[in-house]
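Have a look at protein_32.cif below; it lists mmCIF, C-alpha atoms and all ligand atoms.
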```cif
data_entry
loop_
_atom_site.label_atom_id
_atom_site.label_comp_id
_atom_site.auth_asym_id
_atom_site.auth_seq_id
_atom_site.Cartn_x
_atom_site.Cartn_y
_atom_site.Cartn_z
CA MET M 1 -1.11 -15.38 26.22
CA ARG M 2 1.93 -17.59 25.50
CA THR M 3 4.40 -16.34 22.93
CA PHE M 4 6.58 -18.31 20.51
CA ASP M 5 8.96 -17.34 17.73
CA SER M 6 7.10 -19.46 15.15
CA ILE M 7 3.84 -21.36 15.03
CA VAL M 8 3.21 -24.18 12.57
CA ILE M 9 -0.44 -25.02 11.85
CA GLY M 10 -0.81 -28.67 10.82
CA VAL M 11 1.77 -31.25 11.91
CA GLY M 12 1.42 -33.66 9.00
CA GLY M 13 3.93 -34.34 6.23
CA MET M 14 5.04 -30.76 5.61
CA GLY M 15 4.37 -29.33 9.05
CA SER M 16 6.38 -31.92 10.98
CA ALA M 17 9.39 -31.16 8.76
CA ALA M 18 8.84 -27.40 9.09
CA ALA M 19 8.65 -27.64 12.90
CA TYR M 20 11.94 -29.55 12.91
CA HIS M 21 13.81 -27.18 10.59
CA LEU M 22 12.55 -24.11 12.45
CA ALA M 23 13.61 -25.60 15.78
CA ARG M 24 16.98 -26.45 14.30
CA ARG M 25 17.44 -22.81 13.38
CA GLY M 26 16.96 -21.91 17.05
CA GLN M 27 13.30 -20.89 16.90
CA ARG M 28 10.97 -21.45 19.84
CA VAL M 29 8.33 -23.39 17.90
CA LEU M 30 4.73 -24.33 18.61
CA GLY M 31 3.22 -26.99 16.33
CA LEU M 32 -0.58 -27.27 16.42
CA GLU M 33 -2.25 -30.42 15.12
CA GLN M 34 -6.01 -30.99 15.18
CA PHE M 35 -5.74 -34.81 15.32
CA ASP M 36 -3.07 -37.25 16.51
CA ILE M 37 0.43 -37.54 15.03
CA PRO M 38 0.14 -39.27 12.66
CA HIS M 39 -3.51 -39.88 11.76
CA ASP M 40 -5.61 -41.29 8.92
CA PHE M 41 -7.79 -38.31 7.99
CA GLY M 42 -5.47 -36.21 5.81
CA SER M 43 -2.98 -36.87 3.02
CA SER M 44 0.01 -38.61 4.57
CA HIS M 45 -1.15 -42.02 5.79
CA GLY M 46 -1.06 -45.41 4.05
CA ILE M 47 2.26 -47.12 4.90
CA THR M 48 4.30 -46.05 1.84
CA ARG M 49 4.93 -43.11 -0.50
CA ILE M 50 6.86 -43.13 -3.76
CA ILE M 51 10.08 -41.17 -4.01
CA ARG M 52 11.74 -40.88 -7.41
CA MET M 53 14.47 -38.79 -9.06
CA ALA M 54 13.42 -38.78 -12.73
CA TYR M 55 10.52 -36.34 -12.68
CA ALA M 56 8.19 -35.97 -15.64
CA GLU M 57 6.34 -33.24 -13.72
CA GLY M 58 9.19 -30.83 -14.48
CA ALA M 59 12.94 -30.31 -14.46
CA GLY M 60 12.47 -27.60 -11.82
CA TYR M 61 11.79 -30.29 -9.23
CA ILE M 62 15.15 -32.05 -9.58
CA PRO M 63 17.32 -29.72 -7.45
CA LEU M 64 14.67 -29.92 -4.73
CA LEU M 65 14.57 -33.72 -5.03
CA ARG M 66 18.33 -33.92 -4.60
CA ARG M 67 18.06 -31.93 -1.39
CA ALA M 68 14.99 -33.95 -0.29
CA TYR M 69 16.92 -37.23 -0.55
CA GLU M 70 19.80 -35.75 1.48
CA LEU M 71 17.45 -34.51 4.18
CA TRP M 72 15.61 -37.86 4.41
CA ARG M 73 18.99 -39.54 4.91
CA ASP M 74 19.81 -36.95 7.59
CA LEU M 75 16.55 -37.76 9.38
CA GLU M 76 17.39 -41.47 9.22
CA ALA M 77 20.80 -40.78 10.73
CA TYR M 78 19.30 -38.56 13.43
CA SER M 79 16.53 -40.99 14.37
CA GLY M 80 18.45 -44.22 13.83
CA GLU M 81 15.50 -45.54 11.84
CA ARG M 82 15.27 -46.64 8.21
CA LEU M 83 12.69 -44.46 6.41
CA LEU M 84 13.69 -44.65 2.73
CA TYR M 85 14.20 -47.85 0.73
CA LEU M 86 15.49 -47.83 -2.84
CA THR M 87 13.84 -50.31 -5.20
CA GLY M 88 14.02 -48.42 -8.53
CA CYS M 89 11.29 -46.58 -10.40
CA VAL M 90 9.46 -47.32 -13.64
CA ASP M 91 7.93 -44.36 -15.50
CA ALA M 92 5.83 -45.90 -18.26
CA GLY M 93 3.41 -45.04 -21.02
CA ALA M 94 3.27 -44.74 -24.79
CA PRO M 95 6.70 -43.65 -26.11
CA ASP M 96 5.36 -40.14 -26.82
CA SER M 97 3.42 -39.83 -23.53
CA ALA M 98 4.13 -36.93 -21.17
CA THR M 99 5.32 -39.43 -18.54
CA VAL M 100 7.91 -41.21 -20.71
CA ARG M 101 9.09 -38.08 -22.53
CA GLY M 102 9.21 -36.00 -19.36
CA SER M 103 11.00 -38.65 -17.35
CA LEU M 104 13.59 -39.17 -20.10
CA ALA M 105 14.12 -35.44 -20.48
CA THR M 106 15.02 -35.04 -16.80
CA CYS M 107 17.28 -38.11 -16.89
CA ARG M 108 19.20 -36.63 -19.80
CA GLN M 109 19.32 -33.07 -18.50
CA PHE M 110 20.58 -34.11 -15.06
CA SER M 111 22.65 -37.14 -16.13
CA LEU M 112 20.56 -39.57 -14.09
CA ARG M 113 21.44 -43.22 -14.69
CA HIS M 114 18.53 -44.74 -16.57
CA GLU M 115 17.49 -47.40 -19.05
CA VAL M 116 14.69 -47.42 -21.60
CA LEU M 117 12.96 -50.81 -21.65
CA ASN M 118 10.26 -52.16 -23.92
CA ALA M 119 7.42 -54.21 -22.46
CA ARG M 120 9.21 -57.51 -22.98
CA SER M 121 12.56 -56.48 -21.52
CA LEU M 122 10.79 -54.85 -18.58
CA HIS M 123 8.97 -58.12 -17.87
CA GLU M 124 12.18 -60.14 -18.18
CA ARG M 125 13.89 -57.85 -15.69
CA PHE M 126 10.92 -57.36 -13.32
CA PRO M 127 8.45 -60.21 -13.97
CA GLY M 128 5.64 -58.55 -11.97
CA TYR M 129 5.25 -56.09 -14.86
CA ARG M 130 3.16 -57.37 -17.80
CA PHE M 131 2.65 -54.39 -20.09
CA PRO M 132 1.31 -54.52 -23.67
CA ASP M 133 3.83 -53.91 -26.46
CA SER M 134 2.47 -50.39 -26.97
CA LEU M 135 4.03 -49.22 -23.68
CA GLU M 136 7.60 -48.26 -22.97
CA ALA M 137 9.34 -47.76 -19.63
CA VAL M 138 12.11 -45.58 -18.25
CA PHE M 139 13.82 -47.38 -15.38
CA GLN M 140 15.67 -45.16 -12.91
CA ALA M 141 17.48 -46.84 -10.03
CA ASP M 142 17.09 -44.08 -7.41
CA GLY M 143 13.32 -44.56 -7.05
CA GLY M 144 11.97 -46.09 -3.88
CA ILE M 145 9.58 -45.79 -0.99
CA LEU M 146 9.32 -43.64 2.09
CA LEU M 147 7.44 -44.64 5.23
CA PRO M 148 5.35 -41.48 5.67
CA GLU M 149 3.90 -42.06 9.13
CA ARG M 150 7.34 -42.90 10.51
CA CYS M 151 8.81 -39.82 8.78
CA ILE M 152 6.21 -37.60 10.47
CA ILE M 153 6.70 -39.18 13.88
CA ASN M 154 10.46 -38.85 13.63
CA TYR M 155 10.36 -35.23 12.48
CA ALA M 156 7.93 -34.35 15.28
CA LYS M 157 10.10 -36.13 17.86
CA ALA M 158 13.26 -34.48 16.55
CA ALA M 159 11.56 -31.06 16.70
CA GLU M 160 10.56 -31.72 20.31
CA ALA M 161 14.08 -32.82 21.17
CA LEU M 162 15.24 -29.41 19.92
CA GLY M 163 12.77 -27.66 22.21
CA ALA M 164 9.64 -27.38 20.03
CA GLU M 165 6.27 -27.75 21.71
CA ILE M 166 3.79 -29.83 19.77
CA HIS M 167 0.13 -29.95 20.72
CA THR M 168 -2.10 -32.68 19.32
CA ARG M 169 -5.90 -32.57 19.27
CA GLU M 170 -5.85 -28.78 19.26
CA ARG M 171 -7.62 -27.35 16.25
CA VAL M 172 -6.81 -23.85 15.04
CA ILE M 173 -9.93 -21.83 14.39
CA GLY M 174 -8.35 -18.60 13.17
CA TRP M 175 -5.36 -16.28 13.03
CA ASP M 176 -4.72 -12.53 12.64
CA SER M 177 -1.67 -10.46 11.99
CA SER M 178 -1.00 -6.88 12.93
CA GLY M 179 2.37 -5.20 12.75
CA HIS M 180 4.88 -7.99 13.11
CA ARG M 181 2.74 -9.92 15.55
CA ILE M 182 0.60 -12.97 14.73
CA GLU M 183 -2.17 -14.23 16.97
CA VAL M 184 -3.45 -17.81 16.55
CA ARG M 185 -6.68 -18.96 18.16
CA THR M 186 -7.43 -22.61 18.82
CA GLU M 187 -10.49 -24.27 20.30
CA SER M 188 -8.88 -24.07 23.74
CA ALA M 189 -6.30 -21.26 23.77
CA ALA M 190 -4.66 -18.35 21.97
CA TYR M 191 -0.96 -17.86 21.18
CA ARG M 192 1.31 -15.17 19.78
CA ALA M 193 4.27 -15.49 17.46
CA ARG M 194 6.38 -13.48 15.06
CA LYS M 195 6.10 -16.04 12.25
CA LEU M 196 3.35 -18.39 11.13
CA VAL M 197 3.73 -21.38 8.81
CA ILE M 198 0.51 -22.86 7.42
CA THR M 199 0.90 -26.50 6.39
CA ALA M 200 -2.72 -27.61 6.70
CA GLY M 201 -2.94 -29.97 3.70
CA PRO M 202 -6.54 -30.40 2.49
CA TRP M 203 -7.71 -27.89 5.14
CA ALA M 204 -5.44 -25.13 3.80
CA SER M 205 -8.18 -22.97 2.29
CA GLN M 206 -10.10 -22.94 5.57
CA LEU M 207 -7.15 -21.16 7.18
CA CYS M 208 -6.20 -19.18 4.11
CA PRO M 209 -9.26 -18.27 2.03
CA LEU M 210 -7.10 -17.03 -0.86
CA LEU M 211 -6.34 -20.73 -1.55
CA ARG M 212 -10.01 -21.56 -2.17
CA ASN M 213 -9.46 -22.37 -5.86
CA LEU M 214 -5.73 -23.02 -5.56
CA ALA M 215 -5.72 -25.95 -3.10
CA VAL M 216 -8.77 -28.08 -3.78
CA PRO M 217 -9.17 -31.38 -1.89
CA GLU M 218 -10.00 -34.49 -3.92
CA ARG M 219 -11.00 -37.95 -2.68
CA GLN M 220 -8.56 -40.76 -3.46
CA VAL M 221 -8.57 -44.49 -2.74
CA VAL M 222 -5.65 -46.93 -2.58
CA LEU M 223 -5.76 -50.72 -2.55
CA TRP M 224 -3.33 -53.29 -1.19
CA ALA M 225 -3.69 -56.66 -2.93
CA GLU M 226 -2.25 -59.97 -1.82
CA PRO M 227 -0.18 -61.02 -4.85
CA LEU M 228 -0.75 -64.44 -6.42
CA ARG M 229 3.03 -64.58 -6.78
CA PRO M 230 4.32 -62.61 -3.78
CA GLU M 231 7.99 -63.04 -4.70
CA LEU M 232 7.49 -60.81 -7.78
CA PHE M 233 6.23 -57.85 -5.76
CA GLN M 234 8.80 -57.66 -2.99
CA LEU M 235 10.88 -54.61 -2.21
CA GLY M 236 14.06 -54.98 -4.27
CA ALA M 237 12.38 -57.23 -6.88
CA PHE M 238 9.71 -54.73 -7.92
CA PRO M 239 10.27 -51.02 -8.68
CA VAL M 240 7.69 -48.37 -7.79
CA PHE M 241 5.76 -47.24 -10.85
CA ASN M 242 4.09 -44.29 -12.44
CA LEU M 243 2.10 -45.58 -15.41
CA GLU M 244 0.31 -43.38 -17.92
CA ALA M 245 -2.12 -45.94 -19.36
CA PRO M 246 -5.08 -45.41 -21.71
CA GLU M 247 -7.38 -45.82 -18.66
CA GLY M 248 -5.57 -43.11 -16.66
CA ARG M 249 -2.44 -42.74 -14.58
CA PHE M 250 -1.79 -45.54 -12.09
CA TYR M 251 0.95 -45.53 -9.47
CA GLY M 252 2.05 -48.11 -6.97
CA CYS M 253 4.62 -49.69 -4.71
CA PRO M 254 6.03 -53.10 -3.87
CA ALA M 255 4.79 -54.87 -0.77
CA TYR M 256 6.34 -53.44 2.37
CA GLY M 257 6.26 -55.96 5.22
CA SER M 258 2.96 -57.82 5.02
CA SER M 259 1.07 -54.93 3.40
CA GLY M 260 0.73 -56.38 -0.12
CA PHE M 261 1.07 -54.78 -3.56
CA LYS M 262 -0.16 -51.16 -3.47
CA ILE M 263 -1.96 -49.42 -6.33
CA GLY M 264 -3.74 -46.09 -6.76
CA LYS M 265 -4.95 -44.03 -9.70
CA TYR M 266 -4.36 -40.29 -10.00
CA HIS M 267 -7.65 -38.44 -9.54
CA HIS M 268 -9.37 -41.78 -8.86
CA ARG M 269 -13.07 -40.98 -9.59
CA ARG M 270 -12.56 -37.21 -9.87
CA GLU M 271 -14.47 -36.32 -6.71
CA ASN M 272 -13.66 -32.88 -5.30
CA VAL M 273 -14.59 -32.80 -1.61
CA THR M 274 -14.34 -30.88 1.62
CA PRO M 275 -12.42 -32.77 4.32
CA ALA M 276 -15.35 -32.72 6.75
CA ASP M 277 -17.85 -34.15 4.25
CA MET M 278 -15.67 -36.60 2.32
CA ASP M 279 -17.09 -40.09 1.94
CA ARG M 280 -14.56 -42.25 3.80
CA ASP M 281 -16.37 -45.52 3.07
CA ILE M 282 -15.06 -47.78 0.32
CA HIS M 283 -17.45 -48.83 -2.46
CA ALA M 284 -17.40 -51.51 -5.14
CA GLU M 285 -16.81 -48.77 -7.75
CA ASP M 286 -13.62 -47.76 -5.92
CA GLU M 287 -12.20 -51.27 -6.05
CA ALA M 288 -13.24 -51.66 -9.71
CA VAL M 289 -11.13 -48.64 -10.75
CA LEU M 290 -8.02 -50.18 -9.20
CA ARG M 291 -8.72 -53.81 -10.14
CA GLU M 292 -8.79 -52.73 -13.78
CA GLY M 293 -5.21 -51.51 -13.43
CA ILE M 294 -4.08 -54.64 -11.60
CA ARG M 295 -5.70 -57.09 -14.05
CA ARG M 296 -4.41 -55.33 -17.13
CA TYR M 297 -0.85 -54.54 -16.05
CA PHE M 298 0.00 -56.61 -12.95
CA PRO M 299 -2.12 -59.80 -13.22
CA ASP M 300 0.19 -61.73 -10.88
CA ALA M 301 -0.83 -59.33 -8.10
CA ASP M 302 -4.56 -59.92 -8.58
CA GLY M 303 -5.26 -61.63 -5.26
CA PRO M 304 -7.70 -60.65 -2.50
CA ALA M 305 -7.73 -57.11 -1.17
CA LEU M 306 -5.74 -56.87 2.07
CA GLY M 307 -6.84 -53.31 2.66
CA MET M 308 -8.28 -50.19 1.07
CA THR M 309 -8.31 -46.65 2.39
CA THR M 310 -9.39 -43.17 1.40
CA CYS M 311 -6.98 -40.25 1.37
CA MET M 312 -6.98 -36.72 -0.07
CA PHE M 313 -5.03 -34.98 -2.79
CA THR M 314 -5.05 -31.17 -2.56
CA ASN M 315 -4.83 -29.95 -6.14
CA SER M 316 -3.58 -26.65 -7.46
CA PRO M 317 -4.75 -25.57 -10.94
CA ASP M 318 -1.43 -26.49 -12.61
CA GLU M 319 -0.63 -29.35 -10.18
CA HIS M 320 2.56 -27.60 -9.07
CA PHE M 321 3.00 -26.78 -5.38
CA VAL M 322 2.27 -23.49 -3.64
CA LEU M 323 5.33 -22.42 -1.59
CA ASP M 324 5.25 -18.76 -0.73
CA THR M 325 4.73 -16.00 1.77
CA HIS M 326 1.21 -14.69 2.22
CA PRO M 327 0.56 -11.77 -0.17
CA GLN M 328 -0.76 -9.58 2.67
CA THR M 329 1.88 -10.40 5.28
CA GLU M 330 5.38 -11.73 4.80
CA ASP M 331 5.33 -13.09 8.35
CA VAL M 332 3.00 -15.88 7.19
CA CYS M 333 4.31 -18.68 4.95
CA ILE M 334 2.19 -21.19 3.09
CA ALA M 335 2.93 -24.70 1.80
CA ALA M 336 -0.12 -26.11 0.01
CA GLY M 337 -1.52 -27.61 -3.18
CA PHE M 338 0.76 -30.65 -3.31
CA SER M 339 -1.48 -32.21 -5.97
CA GLY M 340 -0.84 -35.85 -5.13
CA HIS M 341 2.96 -35.80 -5.45
CA GLY M 342 4.21 -33.85 -2.45
CA PHE M 343 5.27 -36.27 0.24
CA LYS M 344 8.68 -37.10 -1.19
CA PHE M 345 9.47 -33.35 -0.92
CA ALA M 346 8.30 -32.91 2.68
CA SER M 347 11.86 -32.87 4.02
CA VAL M 348 12.95 -30.06 1.72
CA VAL M 349 9.62 -28.21 1.99
CA GLY M 350 10.24 -27.98 5.75
CA GLU M 351 13.58 -26.34 5.01
CA ILE M 352 12.08 -24.02 2.38
CA MET M 353 9.33 -22.87 4.78
CA THR M 354 11.98 -22.17 7.41
CA ASP M 355 14.06 -20.14 4.97
CA LEU M 356 10.99 -18.23 3.75
CA ALA M 357 9.99 -17.44 7.33
CA LEU M 358 13.42 -16.45 8.60
CA ASP M 359 15.18 -14.83 5.66
CA GLY M 360 12.75 -14.54 2.78
CA GLY M 361 13.82 -17.77 1.09
CA ALA M 362 17.22 -16.49 -0.05
CA ARG M 363 18.84 -19.95 -0.24
CA TYR M 364 16.24 -21.36 -2.64
CA GLY M 365 15.72 -18.13 -4.62
CA GLU M 366 14.87 -18.95 -8.21
CA GLN M 367 14.42 -22.65 -7.45
CA ILE M 368 11.07 -21.88 -5.87
CA GLY M 369 9.97 -19.27 -8.41
CA MET M 370 7.69 -21.78 -10.13
CA PHE M 371 5.83 -22.38 -6.85
CA ARG M 372 4.99 -18.74 -6.08
CA LEU M 373 1.37 -17.60 -5.88
CA ALA M 374 1.97 -14.84 -8.42
CA ARG M 375 1.86 -17.38 -11.25
CA PHE M 376 -1.91 -17.59 -10.83
CA THR M 377 -2.44 -13.83 -11.11
CA SER M 378 0.10 -12.78 -13.75
C1 LIG M 401 -3.55 -41.80 -1.87
C2 LIG M 401 -2.38 -40.89 -1.94
C3 LIG M 401 -1.18 -41.34 -2.46
C4 LIG M 401 -0.09 -40.49 -2.57
N1 LIG M 401 1.09 -40.99 -3.05
C5 LIG M 401 2.18 -40.19 -3.05
C6 LIG M 401 3.45 -40.73 -3.38
O1 LIG M 401 3.56 -41.92 -3.65
N2 LIG M 401 4.52 -39.90 -3.35
C7 LIG M 401 4.42 -38.58 -3.01
O2 LIG M 401 5.44 -37.89 -3.03
N3 LIG M 401 3.24 -38.04 -2.66
C8 LIG M 401 2.12 -38.82 -2.67
N4 LIG M 401 0.92 -38.33 -2.28
C9 LIG M 401 0.82 -36.90 -1.92
C10 LIG M 401 1.37 -36.64 -0.55
O3 LIG M 401 1.01 -37.68 0.33
C11 LIG M 401 0.85 -35.30 -0.08
O4 LIG M 401 1.25 -34.30 -1.03
C12 LIG M 401 1.41 -34.93 1.28
O5 LIG M 401 1.17 -35.96 2.19
C13 LIG M 401 0.75 -33.65 1.77
O6 LIG M 401 1.23 -33.33 3.06
P1 LIG M 401 0.60 -32.13 3.87
O7 LIG M 401 1.49 -31.88 5.01
O8 LIG M 401 0.27 -31.01 2.92
O9 LIG M 401 -0.84 -32.70 4.35
P2 LIG M 401 -1.15 -33.57 5.67
O10 LIG M 401 -0.08 -34.56 5.89
O11 LIG M 401 -2.55 -34.02 5.55
O12 LIG M 401 -1.00 -32.53 6.84
C14 LIG M 401 -1.87 -31.46 7.08
C15 LIG M 401 -2.10 -31.46 8.58
O13 LIG M 401 -2.70 -30.25 8.97
C16 LIG M 401 -3.60 -30.56 10.02
N5 LIG M 401 -4.54 -29.45 10.13
C17 LIG M 401 -5.35 -28.98 9.16
N6 LIG M 401 -6.11 -27.97 9.61
C18 LIG M 401 -5.79 -27.80 10.91
C19 LIG M 401 -6.25 -26.92 11.91
N7 LIG M 401 -7.21 -26.01 11.67
N8 LIG M 401 -5.72 -27.00 13.14
C20 LIG M 401 -4.74 -27.89 13.42
N9 LIG M 401 -4.27 -28.79 12.49
C21 LIG M 401 -4.79 -28.73 11.25
C22 LIG M 401 -4.21 -31.85 9.55
O14 LIG M 401 -4.90 -32.55 10.58
C23 LIG M 401 -3.01 -32.59 9.01
O15 LIG M 401 -2.37 -33.36 10.00
C24 LIG M 401 -0.20 -39.15 -2.16
C25 LIG M 401 -1.41 -38.68 -1.61
C26 LIG M 401 -2.48 -39.54 -1.49
C27 LIG M 401 -3.76 -39.02 -0.90
#
```
Hey, can you dump this file as structure tokens for me?
Ligand SMILES: Cc1cc2nc3c(=O)[nH]c(=O)nc-3n(C[C@H](O)[C@H](O)[C@H](O)COP(=O)(O)OP(=O)(O)OC[C@H]3O[C@@H](n4cnc5c(N)ncnc54)[C@H](O)[C@@H]3O)c2cc1C
Amino acid sequence: MRTFDSIVIGVGGMGSAAAYHLARRGQRVLGLEQFDIPHDFGSSHGITRIIRMAYAEGAGYIPLLRRAYELWRDLEAYSGERLLYLTGCVDAGAPDSATVRGSLATCRQFSLRHEVLNARSLHERFPGYRFPDSLEAVFQADGGILLPERCIINYAKAAEALGAEIHTRERVIGWDSSGHRIEVRTESAAYRARKLVITAGPWASQLCPLLRNLAVPERQVVLWAEPLRPELFQLGAFPVFNLEAPEGRFYGCPAYGSSGFKIGKYHHRRENVTPADMDRDIHAEDEAVLREGIRRYFPDADGPALGMTTCMFTNSPDEHFVLDTHPQTEDVCIAAGFSGHGFKFASVVGEIMTDLALDGGARYGEQIGMFRLARFTS
């Protein structure tokens, strides 16, 4: 049986970064991925992901975001490829909404450059936005997009360049730990390691049953529309957005290349799923949910659909991440439950998993306290 220092199960957003950071710390790493790298069946496909500094989800995320930006820039430098584009971010909603208040609070607490714009001034500045007067926006210039598939490819390649072995199309069917030895079984082989990192996205609870109610997959759909006025929705002219509207919370990105204006809605049609059984077809009801957001708030983008795809969130009960060691064995680390807002953190999550595996997470200490499993039991 072949032996490694560390095995990473799932080479998607988080796992590709973990494999890289572990290899960088001198570990002999095996990354096991059930599909190709990248692929369209999990949570990290779809051309673009939002990255933003103002973070209504909680002030505790800001130190991690700062490190995430740095590490994305490091990956760009290492790979020689542009992966992160700044275009600004609009957090919008009623003035007393959690999104506007939370975003403003983090801007003030961390001295992030920002402006508060009413619907009219937002439209004057970024004409693609046509909000009703009841909505207000916090504009923060550090928002932008990441190219998730390229990030994953580049992390996986960088890990391999540092000596990691990455196997695609090799599904893990189980693992055991005894003493300080982990055994991982796949459909075609078995391996040993001293450390195991589980970054299995929507499949997490299949490998870690304790996550059954803590990392619940949910079907999502995103739509790319061909704008009626393309110049208003270009990178640079149009900030990413996070809009808490009466109909729900929409998010979206400017057109990247020829992809069109992108829009999604958090929790889409509230369909919890299992990855194997998820309906991956697109229905008229799916488009209707997203067209409502386009017509009401971005009417100049309301052209034909250029593409639609399904994807999965993996929700924790409080929508904060799970970053921890396994309660039964500290040799196993878990990154799960990213609840629809994890990709931007993948770079720093890879580093956190490495620190947890190799020295108990000393560097991040209290910064990851809010992501520990114990919060669900205490
Ligand atoms: C529609 C949509 C839009 C989003 N928008 C944003 C956004 O704008 N900004 C943002 O920050 N976040 C966003 N997110 C969330 C973000 O994309 C996810 O939090 C992130 O991609 C999760 O990464 P992951 O590594 O946990 O999952 P994945 O990238 O899915 O990786 C898990 C990997 O594990 C593999 N795996 C699972 N089980 C096994 C096994 N048994 N054996 C081998 N391999 C296995 C899978 O095949 C997969 O490759 C969005 C998510 C969706 C669905």
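Rounded to one decimal, CA of Val273 in chain M and CA of Ile37 in chain M lie 22.9 Å from each other.
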request  = Return as a VMD selection string every polymer residue, whether protein, DNA or RNA, with at least one atom no more than 7 Å from an atom of ligand LIG 401 (chain M); count only C-alpha atoms and all ligand atoms.
outcome  = chain M and resid 9 to 15 32 to 35 38 to 39 41 to 44 48 to 51 170 to 173 199 to 204 207 220 to 222 264 310 to 313 335 to 336 338 to 345
ask   = Between CA of Val216 in chain M and CA of Asp318 in chain M, what is the distance, to one decimal in Å?
value = 11.6 Å
inquiry  = Need the shell around Gly303 in chain M: protein/DNA/RNA residues with any atom at most 6 Å away, counting all atoms listed in the file. Skip same-chain ones fewer than 2 positions apart. Format as number ranges by chain?
reply    = M: 225-228, 301
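The two atoms in question, CA of Val240 in chain M and CA of Gly337 in chain M, are spaced 23.2 Å apart.
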query = Can you tell me, as a ChimeraX atom specification, what residues are no more than 12 Å from Asn242 in chain M when counting all atoms listed in the file, ignoring any on the same chain fewer than 4 positions away?
reply = /M:50-52,54-57,88-93,97-100,102-103,136-140,143-144,248-253,263-266,293,297,341
Can you spit out the residues from that selection as a JSON list (two decimals), in the frame of the given file, using C-alpha atoms?
```json
[["chain", "number", "residue", "atom", "x", "y", "z"],
["M", 50, "ILE", "CA", 6.86, -43.13, -3.76],
["M", 51, "ILE", "CA", 10.08, -41.17, -4.01],
["M", 52, "ARG", "CA", 11.74, -40.88, -7.41],
["M", 54, "ALA", "CA", 13.42, -38.78, -12.73],
["M", 55, "TYR", "CA", 10.52, -36.34, -12.68],
["M", 56, "ALA", "CA", 8.19, -35.97, -15.64],
["M", 57, "GLU", "CA", 6.34, -33.24, -13.72],
["M", 88, "GLY", "CA", 14.02, -48.42, -8.53],
["M", 89, "CYS", "CA", 11.29, -46.58, -10.40],
["M", 90, "VAL", "CA", 9.46, -47.32, -13.64],
["M", 91, "ASP", "CA", 7.93, -44.36, -15.50],
["M", 92, "ALA", "CA", 5.83, -45.90, -18.26],
["M", 93, "GLY", "CA", 3.41, -45.04, -21.02],
["M", 97, "SER", "CA", 3.42, -39.83, -23.53],
["M", 98, "ALA", "CA", 4.13, -36.93, -21.17],
["M", 99, "THR", "CA", 5.32, -39.43, -18.54],
["M", 100, "VAL", "CA", 7.91, -41.21, -20.71],
["M", 102, "GLY", "CA", 9.21, -36.00, -19.36],
["M", 103, "SER", "CA", 11.00, -38.65, -17.35],
["M", 136, "GLU", "CA", 7.60, -48.26, -22.97],
["M", 137, "ALA", "CA", 9.34, -47.76, -19.63],
["M", 138, "VAL", "CA", 12.11, -45.58, -18.25],
["M", 139, "PHE", "CA", 13.82, -47.38, -15.38],
["M", 140, "GLN", "CA", 15.67, -45.16, -12.91],
["M", 143, "GLY", "CA", 13.32, -44.56, -7.05],
["M", 144, "GLY", "CA", 11.97, -46.09, -3.88],
["M", 248, "GLY", "CA", -5.57, -43.11, -16.66],
["M", 249, "ARG", "CA", -2.44, -42.74, -14.58],
["M", 250, "PHE", "CA", -1.79, -45.54, -12.09],
["M", 251, "TYR", "CA", 0.95, -45.53, -9.47],
["M", 252, "GLY", "CA", 2.05, -48.11, -6.97],
["M", 253, "CYS", "CA", 4.62, -49.69, -4.71],
["M", 263, "ILE", "CA", -1.96, -49.42, -6.33],
["M", 264, "GLY", "CA", -3.74, -46.09, -6.76],
["M", 265, "LYS", "CA", -4.95, -44.03, -9.70],
["M", 266, "TYR", "CA", -4.36, -40.29, -10.00],
["M", 293, "GLY", "CA", -5.21, -51.51, -13.43],
["M", 297, "TYR", "CA", -0.85, -54.54, -16.05],
["M", 341, "HIS", "CA", 2.96, -35.80, -5.45]]
```
Distance query Leu358 in chain M at most 12 Å, only C-alpha atoms, self and fewer than 4 positions along chain excluded, as a PyMOL selection string = chain M and resi 5-6+18+21-23+25-27+194-197+325+330-333+351-354+362-363
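Among M:Arg219, M:Arg192, M:Ser316, M:Glu247, the residue with the shortest atom-to-atom distance to Asp286 in chain M, counting only C-alpha atoms, is M:Arg219.
Residue neighbourhood of Ala159 in chain M, excluding near-sequence residues (fewer than 6 positions): Ser16, Ala17, Ala18, Ala19, Tyr20, His21, Leu22, Ala23, Arg24, Val29, Leu30, Gly31, Ile153, Glu165 and Ile166 of chain M, at 10 Å, using all atoms listed in the file.
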query = M:Gly58, M:Pro327, M:Pro239, M:Gly369: which is nearest Leu211 in chain M, counting all atoms listed in the file?
reply = M:Pro327
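Among the candidate residues M:Gly174, M:Glu187, M:Leu243, M:Leu373, the one lying nearest to His326 in chain M is M:Leu373, with distances computed using all atoms listed in the file.
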request  = Would you list the contacts of Tyr85 in chain M as a PyMOL selection string, taking every protein, DNA or RNA residue within 7 Å and counting all atoms listed in the file, but skipping same-chain residues closer than 2 positions in sequence?
outcome  = chain M and resi 83+87+144-146
note = Of M:Leu147, M:Pro217, M:Phe126, M:Val289, the one sitting nearest Phe233 in chain M when using all atoms listed in the file is M:Phe126
